[in-house]
Amino acid sequence: MNAPLTRADERYEPITDRSAWLHADMVSGEDWLFRFTPAELEELDTAIAANAGRAVTDITPASFAMPTLSDRLRRIADEVDTGRGMALLRGFPAERYTEAQCATALVGIGAHFGRLISQNMYGEMICSVRSTGRKLGEPGVRGYDTDSELRYHNDECDIIGLMCLQPAQSGGLSSMVSSASIFNAMLRDCPQHLEILFRGYIFSLMGEERPGVGPVSDHLIPVFSRHLGKISCRYTLNTIYQANRTTGVPLTAPEQAALDAVLEVAKRPEMRIDFQLDKGDIQFANNLSTLHARTAFVDYEDPKQWRHLHRVWLASHHPRPLAPAFEERFNDGWSFRKGIPVSRSR
């Protein structure tokens with residue numbers, strides 16, 4: 001049994017707010033699962049039509065205003081920012097709309113949560129999450145381009161938004177876990193790892209660095225960062241391992257053990273909530289307070305029926321304050337809230 005930490009350090013105080021949820025807190029779905037009403041769907045339809053042809057970067061809460069749904073979305077956004085850190089909106093009739101109209105709907109709804117930011121070096125604001133037939137481990141391949149299992153991780157933004165256009169034939173189960181609850185469990189069960197996780201790791205910039213900037217972070221980026229009473233988390237194993245390969249400096253045994261412990265705790269059934277994204281489902285998740293994962297999936301034979309999601313990254317309208325070492329991930333003070341630096345054109 002590990003002895004509890006006794007040092008006088010606010011970092012080692014358990015998190016007791018709503019962001020520290022467990023499976024048992026979420027099974028009712030009362031504060032994270034929402035369904036559109038018929039009246040709200042009518043408002044959405046009107047807003048989609050009103051924004052036809054508008055550039056996604058020009059879609060705002062004002063341009064996508066809906067008399068009743070806008071107010072509800074702002075309340076849900078507050079839950080994502082400061083509460084449970086996740087929301088699933090069900091009942092959007094994706095089959096009625098084109099892919100472009102579905103993208104407009106996702107951006108318009110997301111505009112009530114935050115500002116669109118770029119997701120890659122090409123400046124793409126909406127990305128398709130679907131298998132390209134390539135596999136993890138191949139050069140330049142990202143997890144969302146494959147049908148592989150994706151381990152618990154978070155993305156380079158305050159909030160990730162997903163809309164399911166087509167589920168897989170089988171698999172592709174989504175899973176989410178509270179990073180604050182992971183911290184609490186580690187504080188209780190294996191506190192010896194926390195000092196390393198607070199200190200952090202060198203991260204790869206995954207080939208998305210600006211010209212003249214090095215390929216790895218110029219400072220250690222914490223996995224857990226406590227600032228003004230809030231625990232924020234940055235856990236992406238691939239970027240840490242890629243940095244090790246780039247620098248030629250392997251992880252020490254304690255550094256690897258700390259990363260393994262995070263994943264082991266996240267996988268516990270009592271920690272996580274699992275759910276299937278069905279056609280039309282729209283998910284928002286706070287990347288600072290949750291980790292997400294996905295099981296491997298099998299697509300239908302017909303390419304038109306392959307699993308397909310629209311994805312947006314958002315900088316929250318009400319961002320939590322972050323320590324500079326945590327926020328500035330792309331060197332020279334570049335905030336991840338600016339999006340991936342645009343350095344190339346297709």
# chains A, B, ... in the order shown; residues from 1 in each chain; ligands from 1
call {"tool": "select_by_dssp", "arguments": {"residues": "range 81-114 of chain A", "states": "helix (DSSP H, G or I)", "output": "list in words"}}
result
Asp81, Thr82, Ala94, Glu95, Arg96, Glu99, Ala100, Gln101, Cys102, Ala103, Thr104, Ala105, Leu106, Val107, Gly108, Ile109 and Gly110 of chain A
call {"tool": "write_last_selection", "arguments": {"atoms": "C-alpha atoms", "output": "compact mmCIF listing (two decimals), in the first residue's frame"}}
result
# COMPACT_ATOMS: atom_id res chain seq x y z
CA ASP A 81 -16.61 24.26 -19.73
CA THR A 82 -17.09 24.05 -15.98
CA ALA A 94 -28.53 13.93 -40.50
CA GLU A 95 -30.19 11.89 -43.24
CA ARG A 96 -32.22 14.95 -44.29
CA GLU A 99 -22.63 16.52 -45.85
CA ALA A 100 -22.05 20.25 -46.34
CA GLN A 101 -25.29 21.12 -44.54
CA CYS A 102 -24.37 18.76 -41.68
CA ALA A 103 -21.02 20.53 -41.43
CA THR A 104 -22.83 23.88 -41.30
CA ALA A 105 -25.03 22.55 -38.49
CA LEU A 106 -22.05 21.29 -36.47
CA VAL A 107 -20.20 24.58 -36.89
CA GLY A 108 -23.31 26.61 -36.08
CA ILE A 109 -24.05 24.63 -32.94
CA GLY A 110 -20.36 24.66 -32.01
call {"tool": "closest_residue", "arguments": {"among": "A:Val298, A:Ala168, A:Met163, A:Ile221", "to": "Tyr235 in chain A", "atoms": "only C-alpha atoms"}}
result
A:Ile221
call {"tool": "select_by_dssp", "arguments": {"residues": "range 234-319 of chain A", "states": "strand (DSSP E)", "output": "number ranges by chain"}}
result
A: 272-275, 282-286, 290-294, 297-298, 308-316
call {"tool": "write_last_selection", "arguments": {"atoms": "C-alpha atoms", "output": "JSON list (two decimals), in the first residue's frame"}}
result
[["chain", "number", "residue", "atom", "x", "y", "z"],
["A", 272, "ARG", "CA", -15.33, 5.60, -17.59],
["A", 273, "ILE", "CA", -18.55, 5.94, -19.56],
["A", 274, "ASP", "CA", -18.92, 4.03, -22.86],
["A", 275, "PHE", "CA", -21.45, 4.84, -25.58],
["A", 282, "ILE", "CA", -23.29, 15.36, -31.83],
["A", 283, "GLN", "CA", -20.67, 15.12, -29.09],
["A", 284, "PHE", "CA", -18.74, 17.91, -27.36],
["A", 285, "ALA", "CA", -15.90, 17.21, -24.94],
["A", 286, "ASN", "CA", -13.61, 19.39, -22.87],
["A", 290, "THR", "CA", -11.65, 14.57, -20.08],
["A", 291, "LEU", "CA", -9.85, 11.92, -22.10],
["A", 292, "HIS", "CA", -11.56, 10.04, -24.90],
["A", 293, "ALA", "CA", -10.97, 6.71, -26.62],
["A", 294, "ARG", "CA", -12.47, 4.57, -29.37],
["A", 297, "PHE", "CA", -14.23, -0.87, -35.96],
["A", 298, "VAL", "CA", -15.23, -2.76, -39.10],
["A", 308, "HIS", "CA", -17.76, 8.96, -41.10],
["A", 309, "LEU", "CA", -17.73, 11.79, -38.59],
["A", 310, "HIS", "CA", -17.30, 15.55, -38.98],
["A", 311, "ARG", "CA", -14.88, 17.03, -36.43],
["A", 312, "VAL", "CA", -14.29, 20.59, -35.25],
["A", 313, "TRP", "CA", -11.83, 22.04, -32.73],
["A", 314, "LEU", "CA", -12.96, 24.99, -30.65],
["A", 315, "ALA", "CA", -11.27, 27.58, -28.46],
["A", 316, "SER", "CA", -13.81, 28.06, -25.66]]
call {"tool": "atom_distance", "arguments": {"atom1": "CA of Asp78 in chain A", "atom2": "CA of Met176 in chain A"}}
result
18.3 Å
call {"tool": "atom_distance", "arguments": {"atom1": "CA of Leu205 in chain A", "atom2": "CA of His153 in chain A"}}
result
15.7 Å
call {"tool": "closest_residue", "arguments": {"among": "A:Lys230, A:Arg307, A:His317, A:Arg346", "to": "Ser128 in chain A", "atoms": "only C-alpha atoms"}}
result
A:Arg307
call {"tool": "residues_around", "arguments": {"residues": "Pro250 in chain A", "least_positions_apart": "5", "cutoff": "9 Å", "atoms": "only C-alpha atoms", "output": "list in words"}}
result
Tyr241, Asn244 and Arg245 of chain A
call {"tool": "closest_residue", "arguments": {"among": "A:Ser170, A:Ser19, A:Gln276, A:Gln242", "to": "Ile182 in chain A", "atoms": "only C-alpha atoms"}}
result
A:Ser19
call {"tool": "closest_residue", "arguments": {"among": "A:Ala258, A:Leu288, A:Cys164, A:Ala243", "to": "His219 in chain A", "atoms": "only C-alpha atoms"}}
result
A:Ala243
call {"tool": "closest_residue", "arguments": {"among": "A:Gly53, A:Gly212, A:Pro269, A:Gly200", "to": "Gln256 in chain A", "atoms": "only C-alpha atoms"}}
result
A:Gly200
call {"tool": "closest_residue", "arguments": {"among": "A:Met271, A:Ile59, A:Val342, A:Ile48", "to": "Met26 in chain A", "atoms": "only C-alpha atoms"}}
result
A:Met271
call {"tool": "atom_distance", "arguments": {"atom1": "CA of Arg11 in chain A", "atom2": "CA of Ser175 in chain A"}}
result
26.8 Å
call {"tool": "decode", "arguments": {"residues": "range 208-253 of chain A", "atoms": "N, CA and C atoms", "output": "short mmCIF file (atom, residue, chain, number, x, y, z; two decimals), in the first residue's frame"}}
result
data_model
loop_
_atom_site.label_atom_id
_atom_site.label_comp_id
_atom_site.auth_asym_id
_atom_site.auth_seq_id
_atom_site.Cartn_x
_atom_site.Cartn_y
_atom_site.Cartn_z
N GLU A 208 4.21 19.56 -37.46
CA GLU A 208 3.33 20.71 -37.66
C GLU A 208 3.92 22.00 -37.11
N GLU A 209 5.26 22.01 -36.96
CA GLU A 209 5.90 23.21 -36.44
C GLU A 209 6.02 24.30 -37.50
N ARG A 210 6.11 25.54 -37.03
CA ARG A 210 6.32 26.67 -37.94
C ARG A 210 7.76 26.66 -38.46
N PRO A 211 8.01 27.31 -39.59
CA PRO A 211 9.38 27.38 -40.11
C PRO A 211 10.32 27.99 -39.07
N GLY A 212 11.49 27.38 -38.92
CA GLY A 212 12.48 27.87 -37.99
C GLY A 212 12.31 27.41 -36.56
N VAL A 213 11.26 26.61 -36.31
CA VAL A 213 10.99 26.09 -34.97
C VAL A 213 11.35 24.62 -34.94
N GLY A 214 11.90 24.17 -33.82
CA GLY A 214 12.32 22.79 -33.70
C GLY A 214 11.18 21.80 -33.75
N PRO A 215 11.50 20.52 -33.96
CA PRO A 215 10.45 19.50 -34.13
C PRO A 215 9.85 18.98 -32.83
N VAL A 216 10.43 19.37 -31.70
CA VAL A 216 9.87 18.96 -30.41
C VAL A 216 9.69 20.19 -29.53
N SER A 217 8.91 20.04 -28.47
CA SER A 217 8.65 21.19 -27.59
C SER A 217 9.94 21.67 -26.96
N ASP A 218 10.05 22.99 -26.76
CA ASP A 218 11.26 23.56 -26.18
C ASP A 218 11.22 23.58 -24.66
N HIS A 219 10.22 22.93 -24.08
CA HIS A 219 10.13 22.81 -22.63
C HIS A 219 9.31 21.57 -22.29
N LEU A 220 9.39 21.15 -21.05
CA LEU A 220 8.58 20.02 -20.59
C LEU A 220 7.12 20.46 -20.49
N ILE A 221 6.23 19.64 -21.03
CA ILE A 221 4.80 19.94 -20.99
C ILE A 221 4.15 18.99 -19.98
N PRO A 222 3.53 19.53 -18.93
CA PRO A 222 2.95 18.66 -17.90
C PRO A 222 1.81 17.80 -18.44
N VAL A 223 1.70 16.59 -17.91
CA VAL A 223 0.51 15.79 -18.15
C VAL A 223 -0.63 16.30 -17.26
N PHE A 224 -0.33 16.55 -15.99
CA PHE A 224 -1.26 17.21 -15.09
C PHE A 224 -0.72 18.59 -14.74
N SER A 225 -1.56 19.59 -14.90
CA SER A 225 -1.19 20.96 -14.55
C SER A 225 -2.28 21.53 -13.65
N ARG A 226 -1.87 22.01 -12.48
CA ARG A 226 -2.86 22.61 -11.57
C ARG A 226 -2.63 24.11 -11.53
N HIS A 227 -3.68 24.86 -11.87
CA HIS A 227 -3.56 26.31 -11.96
C HIS A 227 -4.87 26.93 -11.49
N LEU A 228 -4.77 27.78 -10.51
CA LEU A 228 -5.94 28.45 -9.93
C LEU A 228 -7.03 27.45 -9.53
N GLY A 229 -6.57 26.35 -8.94
CA GLY A 229 -7.49 25.37 -8.38
C GLY A 229 -8.02 24.33 -9.34
N LYS A 230 -7.72 24.45 -10.63
CA LYS A 230 -8.22 23.50 -11.63
C LYS A 230 -7.10 22.57 -12.11
N ILE A 231 -7.44 21.30 -12.23
CA ILE A 231 -6.52 20.33 -12.85
C ILE A 231 -6.83 20.26 -14.33
N SER A 232 -5.80 20.49 -15.14
CA SER A 232 -5.92 20.30 -16.59
C SER A 232 -4.99 19.17 -16.99
N CYS A 233 -5.34 18.48 -18.06
CA CYS A 233 -4.59 17.28 -18.45
C CYS A 233 -4.22 17.34 -19.92
N ARG A 234 -3.01 16.89 -20.23
CA ARG A 234 -2.55 16.73 -21.61
C ARG A 234 -1.91 15.36 -21.70
N TYR A 235 -2.62 14.40 -22.29
CA TYR A 235 -2.14 13.02 -22.33
C TYR A 235 -2.24 12.49 -23.75
N THR A 236 -1.13 12.47 -24.45
CA THR A 236 -1.08 11.92 -25.81
C THR A 236 0.20 11.13 -25.95
N LEU A 237 0.09 9.83 -25.80
CA LEU A 237 1.27 8.97 -25.80
C LEU A 237 2.04 9.08 -27.11
N ASN A 238 1.34 9.14 -28.23
CA ASN A 238 2.04 9.15 -29.53
C ASN A 238 3.00 10.33 -29.65
N THR A 239 2.58 11.52 -29.17
CA THR A 239 3.45 12.69 -29.32
C THR A 239 4.65 12.60 -28.39
N ILE A 240 4.50 11.96 -27.24
CA ILE A 240 5.64 11.76 -26.34
C ILE A 240 6.61 10.75 -26.94
N TYR A 241 6.07 9.63 -27.44
CA TYR A 241 6.95 8.60 -28.01
C TYR A 241 7.66 9.10 -29.28
N GLN A 242 6.95 9.91 -30.07
CA GLN A 242 7.58 10.46 -31.27
C GLN A 242 8.72 11.40 -30.88
N ALA A 243 8.55 12.16 -29.82
CA ALA A 243 9.62 13.05 -29.35
C ALA A 243 10.82 12.24 -28.91
N ASN A 244 10.60 11.10 -28.25
CA ASN A 244 11.71 10.23 -27.86
C ASN A 244 12.50 9.76 -29.08
N ARG A 245 11.76 9.38 -30.13
CA ARG A 245 12.44 8.92 -31.35
C ARG A 245 13.21 10.05 -32.02
N THR A 246 12.63 11.24 -32.00
CA THR A 246 13.28 12.38 -32.65
C THR A 246 14.54 12.80 -31.91
N THR A 247 14.49 12.85 -30.59
CA THR A 247 15.63 13.30 -29.80
C THR A 247 16.64 12.20 -29.53
N GLY A 248 16.21 10.95 -29.64
CA GLY A 248 17.08 9.83 -29.31
C GLY A 248 17.23 9.63 -27.82
N VAL A 249 16.42 10.32 -27.03
CA VAL A 249 16.47 10.20 -25.56
C VAL A 249 15.29 9.36 -25.10
N PRO A 250 15.54 8.13 -24.65
CA PRO A 250 14.43 7.27 -24.24
C PRO A 250 13.85 7.71 -22.90
N LEU A 251 12.63 7.28 -22.64
CA LEU A 251 12.02 7.51 -21.34
C LEU A 251 12.74 6.68 -20.28
N THR A 252 12.83 7.22 -19.08
CA THR A 252 13.33 6.42 -17.97
C THR A 252 12.23 5.47 -17.52
N ALA A 253 12.60 4.47 -16.76
CA ALA A 253 11.60 3.52 -16.26
C ALA A 253 10.52 4.21 -15.43
#
